[in-house]
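Structure data follow from model.cif (mmCIF, C-alpha atoms):
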```
data_entry
#
loop_
_atom_site.label_atom_id
_atom_site.label_comp_id
_atom_site.auth_asym_id
_atom_site.auth_seq_id
_atom_site.Cartn_x
_atom_site.Cartn_y
_atom_site.Cartn_z
CA MET A 1 -171.86 -24.66 230.36
CA LYS A 2 -168.66 -24.55 228.30
CA GLU A 3 -165.72 -26.70 229.36
CA PRO A 4 -162.27 -25.18 229.95
CA PHE A 5 -160.42 -24.68 226.64
CA ASP A 6 -157.52 -26.78 227.90
CA ARG A 7 -159.87 -29.76 227.77
CA VAL A 8 -160.58 -29.01 224.09
CA VAL A 9 -156.83 -29.07 223.42
CA SER A 10 -156.27 -32.36 225.24
CA VAL A 11 -159.25 -34.10 223.66
CA HIS A 12 -158.81 -32.89 220.07
CA GLY A 13 -155.13 -31.84 219.85
CA ALA A 14 -153.90 -35.13 218.37
CA THR A 15 -156.68 -35.33 215.79
CA VAL A 16 -156.10 -31.78 214.61
CA LEU A 17 -152.35 -32.43 214.32
CA ARG A 18 -152.96 -35.51 212.16
CA VAL A 19 -155.30 -33.51 209.94
CA CYS A 20 -152.68 -30.76 209.62
CA ARG A 21 -149.94 -33.26 208.81
CA ALA A 22 -152.03 -34.84 206.09
CA VAL A 23 -153.02 -31.50 204.57
CA VAL A 24 -149.81 -29.45 204.74
CA GLY A 25 -147.20 -32.11 205.46
CA PRO A 26 -145.20 -32.80 208.63
CA VAL A 27 -142.97 -29.72 208.33
CA ASP A 28 -145.68 -27.05 208.28
CA ALA A 29 -148.15 -29.03 210.39
CA ASP A 30 -146.98 -27.57 213.71
CA ASP A 31 -147.55 -24.06 212.38
CA ALA A 32 -151.02 -24.92 211.11
CA TRP A 33 -151.85 -26.58 214.45
CA SER A 34 -150.75 -23.53 216.45
CA GLU A 35 -152.67 -21.11 214.22
CA THR A 36 -155.74 -23.33 214.45
CA PHE A 37 -155.81 -23.49 218.24
CA LEU A 38 -154.95 -19.82 218.68
CA ALA A 39 -157.86 -18.86 216.42
CA ALA A 40 -160.09 -21.38 218.21
CA LEU A 41 -159.13 -19.95 221.61
CA ARG A 42 -160.00 -16.46 220.36
CA ALA A 43 -163.44 -17.52 219.12
CA TYR A 44 -164.19 -20.10 221.85
CA PRO A 45 -166.33 -17.90 224.15
CA ASP A 46 -168.75 -17.29 221.24
CA LEU A 47 -168.99 -20.93 220.15
CA PRO A 48 -172.54 -22.25 220.78
CA ALA A 49 -172.54 -24.66 223.72
CA ASP A 50 -174.03 -27.48 221.62
CA ALA A 51 -171.58 -27.10 218.71
CA ASN A 52 -169.62 -30.07 217.36
CA VAL A 53 -166.21 -28.95 218.64
CA GLU A 54 -164.16 -31.33 216.51
CA ALA A 55 -165.91 -30.36 213.27
CA TRP A 56 -165.45 -26.69 214.24
CA LEU A 57 -161.72 -27.25 214.79
CA VAL A 58 -161.29 -29.12 211.50
CA THR A 59 -163.01 -26.24 209.69
CA ILE A 60 -160.59 -23.76 211.28
CA ALA A 61 -157.67 -26.10 210.49
CA HIS A 62 -158.73 -26.10 206.83
CA ARG A 63 -158.56 -22.27 206.69
CA LYS A 64 -155.26 -22.14 208.56
CA ALA A 65 -153.74 -24.84 206.34
CA ILE A 66 -154.55 -22.73 203.29
CA ASP A 67 -152.85 -19.72 204.98
CA VAL A 68 -149.77 -21.75 205.88
CA VAL A 69 -149.43 -23.16 202.35
CA ARG A 70 -149.83 -19.66 200.85
CA ARG A 71 -147.22 -18.25 203.20
CA ALA A 72 -144.81 -21.11 202.45
CA SER A 73 -145.18 -20.67 198.68
CA ARG A 74 -144.67 -16.89 198.97
CA HIS A 75 -141.39 -17.44 200.75
CA ALA A 76 -140.59 -20.28 198.33
CA LEU A 77 -138.39 -21.98 200.88
CA PRO A 78 -137.17 -25.46 200.06
CA VAL A 79 -139.10 -27.91 202.22
CA ALA A 80 -136.79 -30.19 204.13
CA GLU A 81 -138.66 -33.38 204.90
CA VAL A 82 -136.39 -34.32 207.77
CA PRO A 83 -137.60 -34.93 211.30
CA ASP A 84 -136.28 -32.74 214.11
CA ARG A 85 -134.94 -35.70 215.97
CA PRO A 86 -134.00 -39.14 214.71
CA VAL A 87 -136.82 -41.05 216.38
CA GLU A 88 -137.77 -44.43 214.96
CA VAL A 89 -141.48 -43.79 215.02
CA ALA A 90 -141.00 -40.45 213.31
CA GLY A 91 -139.04 -42.23 210.58
CA ARG A 92 -141.84 -44.67 209.97
CA ASP A 93 -144.39 -41.88 210.11
CA LEU A 94 -142.39 -39.89 207.63
CA ASP A 95 -142.70 -42.63 205.00
CA LEU A 96 -146.44 -42.46 205.41
CA TRP A 97 -146.55 -38.67 205.30
CA SER A 98 -144.46 -38.78 202.11
CA ALA A 99 -146.99 -41.20 200.61
CA VAL A 100 -149.81 -38.90 201.72
CA ALA A 101 -148.01 -35.83 200.38
CA ALA A 102 -147.78 -37.51 196.97
CA LEU A 103 -151.58 -37.71 196.70
CA PRO A 104 -153.44 -35.13 194.60
CA THR A 105 -154.52 -32.20 196.81
CA LYS A 106 -158.23 -32.99 196.60
CA GLN A 107 -157.74 -36.64 197.63
CA ARG A 108 -155.36 -35.66 200.41
CA THR A 109 -157.56 -33.00 201.98
CA VAL A 110 -160.77 -35.02 201.64
CA LEU A 111 -159.07 -38.01 203.22
CA ALA A 112 -157.76 -35.84 206.06
CA TYR A 113 -161.06 -34.13 206.86
CA HIS A 114 -163.17 -37.28 206.63
CA HIS A 115 -160.93 -40.09 207.88
CA LEU A 116 -158.90 -38.09 210.40
CA GLY A 117 -161.14 -35.16 211.25
CA GLY A 118 -164.33 -37.20 211.30
CA LEU A 119 -166.27 -34.73 209.12
CA PRO A 120 -169.20 -36.21 207.19
CA TYR A 121 -168.77 -36.02 203.40
CA ASP A 122 -171.43 -33.27 203.19
CA ASP A 123 -169.31 -31.04 205.44
CA VAL A 124 -166.11 -32.01 203.63
CA ALA A 125 -167.69 -31.01 200.33
CA ALA A 126 -168.71 -27.66 201.82
CA LEU A 127 -165.06 -27.03 202.72
CA VAL A 128 -163.27 -28.21 199.60
CA GLY A 129 -166.00 -27.61 197.02
CA GLY A 130 -167.85 -30.10 194.81
CA THR A 131 -170.45 -32.63 195.87
CA ALA A 132 -170.46 -35.08 198.78
CA ALA A 133 -170.38 -37.96 196.28
CA ALA A 134 -167.28 -36.52 194.63
CA ALA A 135 -165.64 -36.12 198.02
CA ARG A 136 -166.42 -39.75 198.84
CA ARG A 137 -164.90 -40.90 195.53
CA ALA A 138 -161.78 -38.77 196.07
CA ALA A 139 -161.27 -40.25 199.54
CA ALA A 140 -161.69 -43.79 198.22
CA ASP A 141 -159.21 -43.11 195.43
CA GLY A 142 -156.78 -41.66 197.96
CA VAL A 143 -157.02 -44.70 200.23
CA ALA A 144 -156.56 -47.02 197.24
CA THR A 145 -153.41 -45.15 196.20
CA LEU A 146 -152.06 -45.26 199.76
CA ARG A 147 -152.57 -49.02 199.86
CA ARG A 148 -150.37 -49.24 196.78
CA THR A 149 -147.69 -46.68 197.73
CA TYR A 150 -147.58 -47.43 201.43
CA PRO A 151 -148.35 -51.16 201.77
CA ALA A 152 -147.34 -51.14 205.44
CA ILE A 153 -150.78 -49.72 206.19
CA ASP A 154 -152.36 -53.15 205.76
CA GLN A 155 -149.69 -54.85 207.84
CA GLU A 156 -150.50 -52.49 210.68
CA GLU A 157 -154.13 -53.56 210.90
CA ARG A 158 -155.06 -54.65 214.37
CA MET B 1 -158.65 -50.87 207.82
CA THR B 2 -159.91 -48.47 210.44
CA ASP B 3 -159.19 -44.75 210.41
CA ASP B 4 -156.82 -45.16 213.34
CA ASP B 5 -154.69 -47.59 211.36
CA LEU B 6 -154.68 -45.35 208.32
CA PHE B 7 -152.62 -42.73 210.11
CA PRO B 8 -150.27 -43.27 213.02
CA SER B 9 -150.94 -41.58 216.32
CA VAL B 10 -148.94 -38.46 217.14
CA ASP B 11 -146.44 -38.59 219.94
CA ALA B 12 -147.15 -37.01 223.31
CA ASP B 13 -143.91 -35.00 223.35
CA THR B 14 -144.91 -33.08 220.23
CA LEU B 15 -148.33 -32.28 221.65
CA THR B 16 -146.79 -31.16 224.94
CA ARG B 17 -144.42 -28.84 223.09
CA LEU B 18 -147.21 -27.44 220.90
CA HIS B 19 -149.38 -26.91 223.99
CA GLY B 20 -146.59 -24.95 225.67
CA GLU B 21 -146.12 -22.75 222.60
CA LEU B 22 -149.87 -22.20 222.38
CA ALA B 23 -150.02 -21.06 226.02
CA ALA B 24 -147.13 -18.63 225.47
CA ARG B 25 -148.70 -17.16 222.32
CA ALA B 26 -152.10 -16.95 223.97
CA ALA B 27 -150.58 -14.98 226.85
CA ALA B 28 -148.74 -12.67 224.44
CA ASP B 29 -151.96 -12.05 222.47
CA GLY B 30 -154.01 -11.35 225.62
CA LEU B 31 -156.12 -14.49 225.12
CA LEU B 32 -155.07 -16.32 228.26
CA ASP B 33 -157.97 -15.35 230.54
CA VAL B 34 -157.22 -18.10 233.07
CA ALA B 35 -153.79 -19.74 233.36
CA TYR B 36 -153.32 -22.66 235.72
CA ARG B 37 -150.85 -25.18 237.03
CA THR B 38 -150.54 -27.61 239.92
CA VAL B 39 -147.84 -27.79 242.59
CA GLU B 40 -146.98 -30.55 245.07
CA THR B 41 -146.99 -29.34 248.67
CA PRO B 42 -147.08 -30.80 252.20
CA VAL B 43 -150.87 -30.35 252.06
CA GLY B 44 -151.17 -32.26 248.81
CA ARG B 45 -151.41 -31.16 245.21
CA LEU B 46 -152.64 -27.56 244.92
CA LEU B 47 -154.28 -26.10 241.84
CA LEU B 48 -153.20 -22.49 241.18
CA ALA B 49 -155.11 -20.31 238.72
CA ARG B 50 -154.57 -16.71 237.72
CA THR B 51 -156.09 -14.09 235.46
CA PRO B 52 -154.13 -11.18 233.97
CA ALA B 53 -155.13 -9.28 237.16
CA GLY B 54 -153.63 -11.79 239.57
CA LEU B 55 -154.08 -15.04 241.46
CA VAL B 56 -157.78 -15.94 241.32
CA ARG B 57 -158.00 -19.46 242.77
CA VAL B 58 -156.09 -21.92 244.92
CA ALA B 59 -157.71 -25.32 245.39
CA PHE B 60 -156.94 -28.51 247.29
CA ALA B 61 -157.04 -31.92 245.61
CA VAL B 62 -160.08 -32.87 247.74
CA GLN B 63 -161.96 -30.01 246.10
CA ASP B 64 -161.63 -31.80 242.70
CA HIS B 65 -159.43 -29.78 240.37
CA ASP B 66 -161.47 -30.63 237.27
CA ALA B 67 -164.59 -29.31 238.96
CA VAL B 68 -162.74 -26.15 240.05
CA LEU B 69 -161.52 -25.53 236.49
CA ALA B 70 -165.04 -26.06 235.14
CA ALA B 71 -166.32 -23.53 237.67
CA LEU B 72 -163.63 -21.03 236.62
CA ALA B 73 -164.56 -21.54 232.94
CA SER B 74 -168.12 -20.68 233.85
CA ALA B 75 -167.51 -17.83 236.33
CA VAL B 76 -164.45 -16.13 234.78
CA SER B 77 -163.89 -17.23 231.17
CA PRO B 78 -163.76 -20.51 229.20
CA ARG B 79 -160.35 -19.40 227.84
CA VAL B 80 -158.58 -21.61 230.37
CA LEU B 81 -155.16 -23.11 229.61
CA GLU B 82 -152.54 -24.94 231.62
CA ALA B 83 -149.61 -22.50 231.57
CA PRO B 84 -147.17 -23.28 234.40
CA ARG B 85 -144.80 -20.42 233.66
CA GLN B 86 -147.54 -17.85 234.20
CA LEU B 87 -147.62 -19.04 237.81
CA ASP B 88 -143.90 -19.34 238.49
CA ASP B 89 -143.98 -16.49 241.04
CA VAL B 90 -146.88 -18.07 242.95
CA ALA B 91 -145.23 -21.50 242.97
CA ARG B 92 -141.96 -20.00 244.21
CA GLN B 93 -143.61 -18.09 247.07
CA LEU B 94 -145.55 -21.20 248.10
CA ASP B 95 -142.31 -23.20 248.10
CA GLU B 96 -140.73 -20.59 250.36
CA TYR B 97 -143.79 -20.58 252.62
CA PHE B 98 -143.79 -24.36 253.06
CA ALA B 99 -140.02 -24.29 253.65
CA GLY B 100 -140.58 -21.83 256.51
CA ARG B 101 -138.75 -19.04 254.70
CA ARG B 102 -141.79 -16.85 253.98
CA THR B 103 -144.45 -15.54 256.36
CA THR B 104 -146.45 -13.27 254.04
CA PHE B 105 -147.34 -13.50 250.37
CA ASP B 106 -146.52 -10.68 248.02
CA LEU B 107 -148.65 -11.45 244.95
CA PRO B 108 -151.20 -9.62 242.81
CA LEU B 109 -154.61 -11.07 243.72
CA ASP B 110 -157.78 -11.14 241.64
CA LEU B 111 -160.66 -11.15 244.14
CA GLN B 112 -163.49 -11.18 241.59
CA LEU B 113 -164.95 -14.45 242.88
CA PRO B 114 -166.10 -13.66 246.44
CA ARG B 115 -168.95 -11.16 246.76
CA GLY B 116 -170.31 -9.03 249.58
CA PHE B 117 -169.61 -10.12 253.14
CA ARG B 118 -167.58 -13.14 252.00
CA ARG B 119 -165.27 -10.75 250.22
CA ASP B 120 -164.98 -8.58 253.35
CA VAL B 121 -164.02 -11.66 255.36
CA VAL B 122 -161.33 -12.96 253.00
CA LEU B 123 -159.89 -9.45 252.60
CA HIS B 124 -159.37 -9.32 256.38
CA LEU B 125 -157.80 -12.76 256.69
CA PRO B 126 -154.25 -11.36 256.34
CA ASP B 127 -154.99 -9.27 259.49
CA ILE B 128 -154.32 -12.46 261.44
CA ALA B 129 -150.54 -12.54 261.67
CA TYR B 130 -148.42 -15.56 260.73
CA GLY B 131 -148.31 -18.07 263.61
CA HIS B 132 -151.41 -16.57 265.25
CA THR B 133 -155.05 -17.59 265.18
CA ALA B 134 -158.41 -15.85 265.56
CA SER B 135 -161.81 -17.30 266.46
CA TYR B 136 -164.71 -17.20 264.03
CA ALA B 137 -166.28 -14.56 266.32
CA GLU B 138 -163.15 -12.38 266.30
CA MET B 139 -163.02 -12.71 262.53
CA ALA B 140 -166.64 -11.55 262.31
CA GLY B 141 -165.61 -8.45 264.27
CA LEU B 142 -162.63 -7.81 261.98
CA ALA B 143 -164.93 -8.04 258.95
CA GLY B 144 -167.26 -5.46 260.51
CA SER B 145 -170.21 -7.71 261.45
CA PRO B 146 -169.53 -9.08 264.94
CA ARG B 147 -172.71 -11.19 264.99
CA ALA B 148 -172.14 -12.89 261.61
CA VAL B 149 -170.15 -15.77 263.12
CA ARG B 150 -171.74 -18.50 261.00
CA ALA B 151 -171.32 -16.43 257.84
CA VAL B 152 -167.61 -16.18 258.63
CA GLY B 153 -167.48 -19.98 258.66
CA THR B 154 -169.10 -20.09 255.23
CA ALA B 155 -166.81 -17.35 253.88
CA CYS B 156 -163.74 -19.28 255.08
CA ALA B 157 -165.03 -22.54 253.61
CA LEU B 158 -165.51 -20.78 250.25
CA ASN B 159 -162.26 -18.78 250.40
CA PRO B 160 -161.06 -18.82 246.76
CA LEU B 161 -157.41 -18.38 247.84
CA PRO B 162 -156.74 -20.73 250.77
CA VAL B 163 -153.16 -20.78 252.16
CA VAL B 164 -152.43 -17.42 250.48
CA LEU B 165 -155.36 -15.76 252.29
CA PRO B 166 -154.93 -17.59 255.61
CA CYS B 167 -158.39 -18.93 256.51
CA HIS B 168 -156.52 -21.77 258.24
CA ARG B 169 -155.76 -19.26 261.02
CA VAL B 170 -159.46 -18.98 261.87
CA VAL B 171 -160.24 -21.57 264.56
CA ARG B 172 -162.99 -22.46 267.04
CA SER B 173 -163.27 -20.32 270.16
CA ASP B 174 -162.16 -23.33 272.28
CA GLY B 175 -158.90 -23.34 270.29
CA SER B 176 -159.59 -26.52 268.32
CA PRO B 177 -158.86 -26.15 264.58
CA GLY B 178 -162.37 -26.63 263.23
CA GLN B 179 -163.25 -27.40 259.64
CA TYR B 180 -161.20 -26.64 256.55
CA ALA B 181 -161.82 -26.82 252.82
CA GLY B 182 -158.60 -28.78 252.42
CA GLY B 183 -159.51 -31.19 255.22
CA ALA B 184 -158.75 -31.01 258.95
CA ALA B 185 -155.31 -32.62 258.49
CA ALA B 186 -154.23 -29.90 256.04
CA LYS B 187 -155.32 -27.20 258.49
CA LEU B 188 -153.27 -28.82 261.27
CA THR B 189 -150.26 -29.10 258.96
CA LEU B 190 -150.41 -25.37 258.19
CA LEU B 191 -150.93 -24.34 261.82
CA ASP B 192 -148.07 -26.63 262.97
CA LEU B 193 -145.76 -25.22 260.31
CA GLU B 194 -146.48 -21.65 261.36
CA THR B 195 -146.12 -22.43 265.07
CA ARG B 196 -142.79 -24.20 264.48
CA VAL B 197 -141.37 -21.45 262.29
CA GLY B 198 -142.84 -18.70 264.50
CA VAL B 199 -141.16 -20.15 267.61
CA ALA B 200 -137.82 -20.55 265.83
CA ALA B 201 -137.87 -16.96 264.60
#
```
Output the structure of this file as structure tokens.
Amino acid sequence: MKEPFDRVVSVHGATVLRVCRAVVGPVDADDAWSETFLAALRAYPDLPADANVEAWLVTIAHRKAIDVVRRASRHALPVAEVPDRPVEVAGRDLDLWSAVAALPTKQRTVLAYHHLGGLPYDDVAALVGGTAAAARRAAADGVATLRRTYPAIDQEER
Amino acid sequence: MTDDDLFPSVDADTLTRLHGELAARAAADGLLDVAYRTVETPVGRLLLARTPAGLVRVAFAVQDHDAVLAALASAVSPRVLEAPRQLDDVARQLDEYFAGRRTTFDLPLDLQLPRGFRRDVVLHLPDIAYGHTASYAEMAGLAGSPRAVRAVGTACALNPLPVVLPCHRVVRSDGSPGQYAGGAAAKLTLLDLETRVGVAA
């Protein structure tokens, strides 16, 4: 039996948003999130009952992120990296997202799908191309760069 | 470094806003098969659910709202989203009812859940006027099967739209309230409300 879609949103909504923020940046992330869940809602009745829902969502998010980036580059709008509201947490987050945004695309997306979306490297490789080993290396390189450009990460360890 | 430390958590306000926008777009795109919300009432928190056709389910807290939503996902469609605005009209009419300012509901109803005789019974519940009661035997007569008294009890217990379709007005032949899906206290509260308002009118 399939659970109500609202449950899917409450369980996986935060994860998908973090993936979107890492892949397309904080400004376009909301758009990518909305497109992802709207597409997921449309397809949900046909999803096999035993499917890995989070991996399914991350796969949709990957496609929607590509769409959002394409649309943004077509319109060639300047991207204002300013939060809607001056919230302290958002300010701190923004530093991180800037550090993430500075990563090469491959490292950024691999890091998002594996570390945030929980996809195994085999699945990540299927999405972004290349081998699982290459995906693993790209993620490791990305994390190493983040440690350098955003040292606060290590201070925040629990 | 764990994955959770690598990226900060996202704030609840953003997710709430995105959820609201998703529900609105889903409704506009015809993807919102079941919209729901909860309302606080004198008989506790009620779950209200509707399809594009109309109100499909009202449930008391004692009926376990999560279980009711799971049942709707299975019986109607898994495209279930919390979308309070889709139920604004229902919430308003319930407010008016509990304030004693409304004696009948004027809402589109989706009666796809009850089948057969149970459907006949719930369809005839509004025949019992506000402030009045009928016995299970009288209700059986109204539904066209005078001897199906026990089946009337079952139909009332499984009424998908309690309060709106007034199964609380069906009582034992000795006049005592009898059982109720929302609990005996809820049934008494509703009957008291209607008696009070009915006398004042």
Show me, as a ChimeraX atom specification, the residues of chain B whose atoms get within 12 Å of chain A, using all atoms listed in the file for the distance check. /B:1-37,65-83
Give me, as a PyMOL selection string, all polymer residues having an atom no more than 6 Å from range 134-136 of chain A, counting all atoms listed in the file and skipping those fewer than 3 positions away in the same chain. chain A and resi 125+131+139
For CA of Ala99 in chain B and CA of Leu47 in chain B, the interatomic separation in Å (one decimal): 18.6 Å
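For the atom pair formed by CA of Gly131 in chain B and CA of Asp64 in chain B, the distance is 28.3 Å, given to one decimal.
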Pull out every residue that the PyMOL selection byres ((chain B and resi 192) around 12) matches in the shown coordinates and put them as number ranges by chain. B: 42-43, 98, 100, 130-133, 168-169, 177, 185-191, 193-199
To verify the selection step, state as a PyMOL selection string which residues the PyMOL selection byres ((chain A and resi 122) around 9) yields on this input. chain A and resi 119-121+123-127+131-133+135
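Residues surrounding Val170 in chain B within 9 Å are Leu125, Ile128, Thr133, Ala134, Ser135, Tyr136, Glu138, Met139, Gly153, Cys156, Pro177 and Gly178 of chain B [all atoms listed in the file; sequence separation below 6 positions excluded].
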Just the selected residues (C-alpha atoms), exported as a PDB file, in the coordinates of the input, please.
```pdb
ATOM      1  CA  LEU B 125    -157.800 -12.760 256.690  1.00  0.00           C
ATOM      2  CA  ILE B 128    -154.320 -12.460 261.440  1.00  0.00           C
ATOM      3  CA  THR B 133    -155.050 -17.590 265.180  1.00  0.00           C
ATOM      4  CA  ALA B 134    -158.410 -15.850 265.560  1.00  0.00           C
ATOM      5  CA  SER B 135    -161.810 -17.300 266.460  1.00  0.00           C
ATOM      6  CA  TYR B 136    -164.710 -17.200 264.030  1.00  0.00           C
ATOM      7  CA  GLU B 138    -163.150 -12.380 266.300  1.00  0.00           C
ATOM      8  CA  MET B 139    -163.020 -12.710 262.530  1.00  0.00           C
ATOM      9  CA  GLY B 153    -167.480 -19.980 258.660  1.00  0.00           C
ATOM     10  CA  CYS B 156    -163.740 -19.280 255.080  1.00  0.00           C
ATOM     11  CA  PRO B 177    -158.860 -26.150 264.580  1.00  0.00           C
ATOM     12  CA  GLY B 178    -162.370 -26.630 263.230  1.00  0.00           C
TER      13      GLY B 178
END
```
Atom-to-atom span, CA of Ala181 in chain B and CA of Arg85 in chain B, Å: 26.4 Å
Smallest atom-to-atom distance to Thr109 in chain A: which of A:Val24, A:Ala72, A:Val11, A:Ala29, using all atoms listed in the file? A:Val24
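Residues matched by the PyMOL selection byres ((chain B and resi 112) around 12) in this file: Arg50, Thr51, Ala53, Gly54, Leu55, Val56, Arg57, Leu72, Ala75, Val76, Leu109, Asp110, Leu111, Leu113, Pro114, Arg115, Gly116, Arg118, Arg119, Val122, Leu123, Asn159, Pro160 and Leu161 of chain B.
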